[in-house]
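Q: First the structure, which I've put down as structure tokens, then a few questions once you've had a look.
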Amino acid sequence: MKKLFILSMMLVTVFSLSAQKKKQQTDLDEKDGVFYLKSDGKKYTGIAYTYHDSGKKKEEFTYKKGKVAHEILYYDKTGDIEREVNYKKGKRHGAFNAYYQGKKTRTVGEYKKGDKKGEWIWYNEDGSVKQTKEY
């Protein structure tokens, strides 16, 4: 019975994620940090993308009630993640991670209400620590 419950929850999650709205960033209008659908003027909840000239994904934004909740930037050449950060109430908030092409960590830190907080670490491409700074 427990296995059936877990399987059911996994299926619900998969279907809800696949049903999540996906748009291009050009489908949205921004006013005072809030994003609206051009088609009906409602605050947007879902995912929106921008693309490099090559056609590969450049940026991916997740919106909740018109506000950016998560942002991912991608390298054009490899499609690897360049950086990603979470948002809360329109400001960077939570973990920040940046990567070199090839998926090696470049920077690790955290934001709180839009400001850098705690220890930030920058790495060289070989994985050695380049710099640390406390905020």
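Ordered as shown in the structure tokens, chains take letters A, B, and onward, while each chain numbers its residues from 1 and ligands are numbered from 1 in the order shown.
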So that I can see what lies close to A:Thr107, please list as JSON, numbers by chain the residues with an atom at most 7 Å from it, counting only C-alpha atoms and leaving out residues fewer than 2 positions away in the same chain.
A: {"A": [97, 98, 99, 105, 109, 121, 122, 123]}
Q: Based on DSSP run over this structure's backbone, return all residues of chain A in strand (DSSP E or B), as a ChimeraX atom specification.
A: /A:22-24,28-31,34-37,43,46-51,57-64,67-74,81-88,91-99,105-112,115-123,129-134
Q: Write out as number ranges by chain each polymer residue whose atoms come within 12 Å of A:Glu59, counting only C-alpha atoms; drop sequence neighbours fewer than 5 positions from it.
A: A: 23-25, 47-52, 70-76, 79-85
Q: Work out how far atom CA of A:Lys58 is from atom CA of A:Glu125, in Å to one decimal.
A: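 Rounded to one decimal, the two atoms are 22.0 Å apart.
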Q: DSSP says alpha helix (DSSP H) for which residues of chain A? Put them as a ChimeraX atom specification?
A: /A:2-19
Q: Using only C-alpha atoms, which of the listed residues (A:Lys112, A:Lys133, A:Lys67, A:Lys38) sits closest to A:Phe96?
A: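 Closest candidate: A:Lys112.
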Q: Can you work out which one of A:Ser39, A:Gly94, A:Gly33, A:Gly102 has the shortest atom-to-atom distance to A:Val68, counting only C-alpha atoms?
A: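 Between A:Ser39, A:Gly94, A:Gly33, A:Gly102, the residue approaching A:Val68 most closely is A:Gly33.
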Q: Kindly indicate which residue among A:Asp115, A:Asp27, A:Asp126, A:Asp53 lies nearest to A:Lys91, using only C-alpha atoms for the distances.
A: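 When distances to A:Lys91 are compared using only C-alpha atoms, the smallest one comes from A:Asp115.
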Q: Between A:Gly46, A:Glu60, A:Gly66, A:Ala95, which is the closest to A:Glu30 once you count only C-alpha atoms?
A: A:Gly66
Q: For a quick check of understanding, using only C-alpha atoms, which of A:Lys64, A:Ala69, A:Ser128, A:Gly90 has the smallest distance to A:Asp32?
A: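 Comparing A:Lys64, A:Ala69, A:Ser128, A:Gly90 against A:Asp32, the winner is A:Gly90.
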Q: Counting only C-alpha atoms, figure out which residue out of A:Lys89, A:Trp120, A:Ser54, A:Tyr63 gets nearest to A:Lys22.
A: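 Closest to A:Lys22, using only C-alpha atoms: A:Tyr63.
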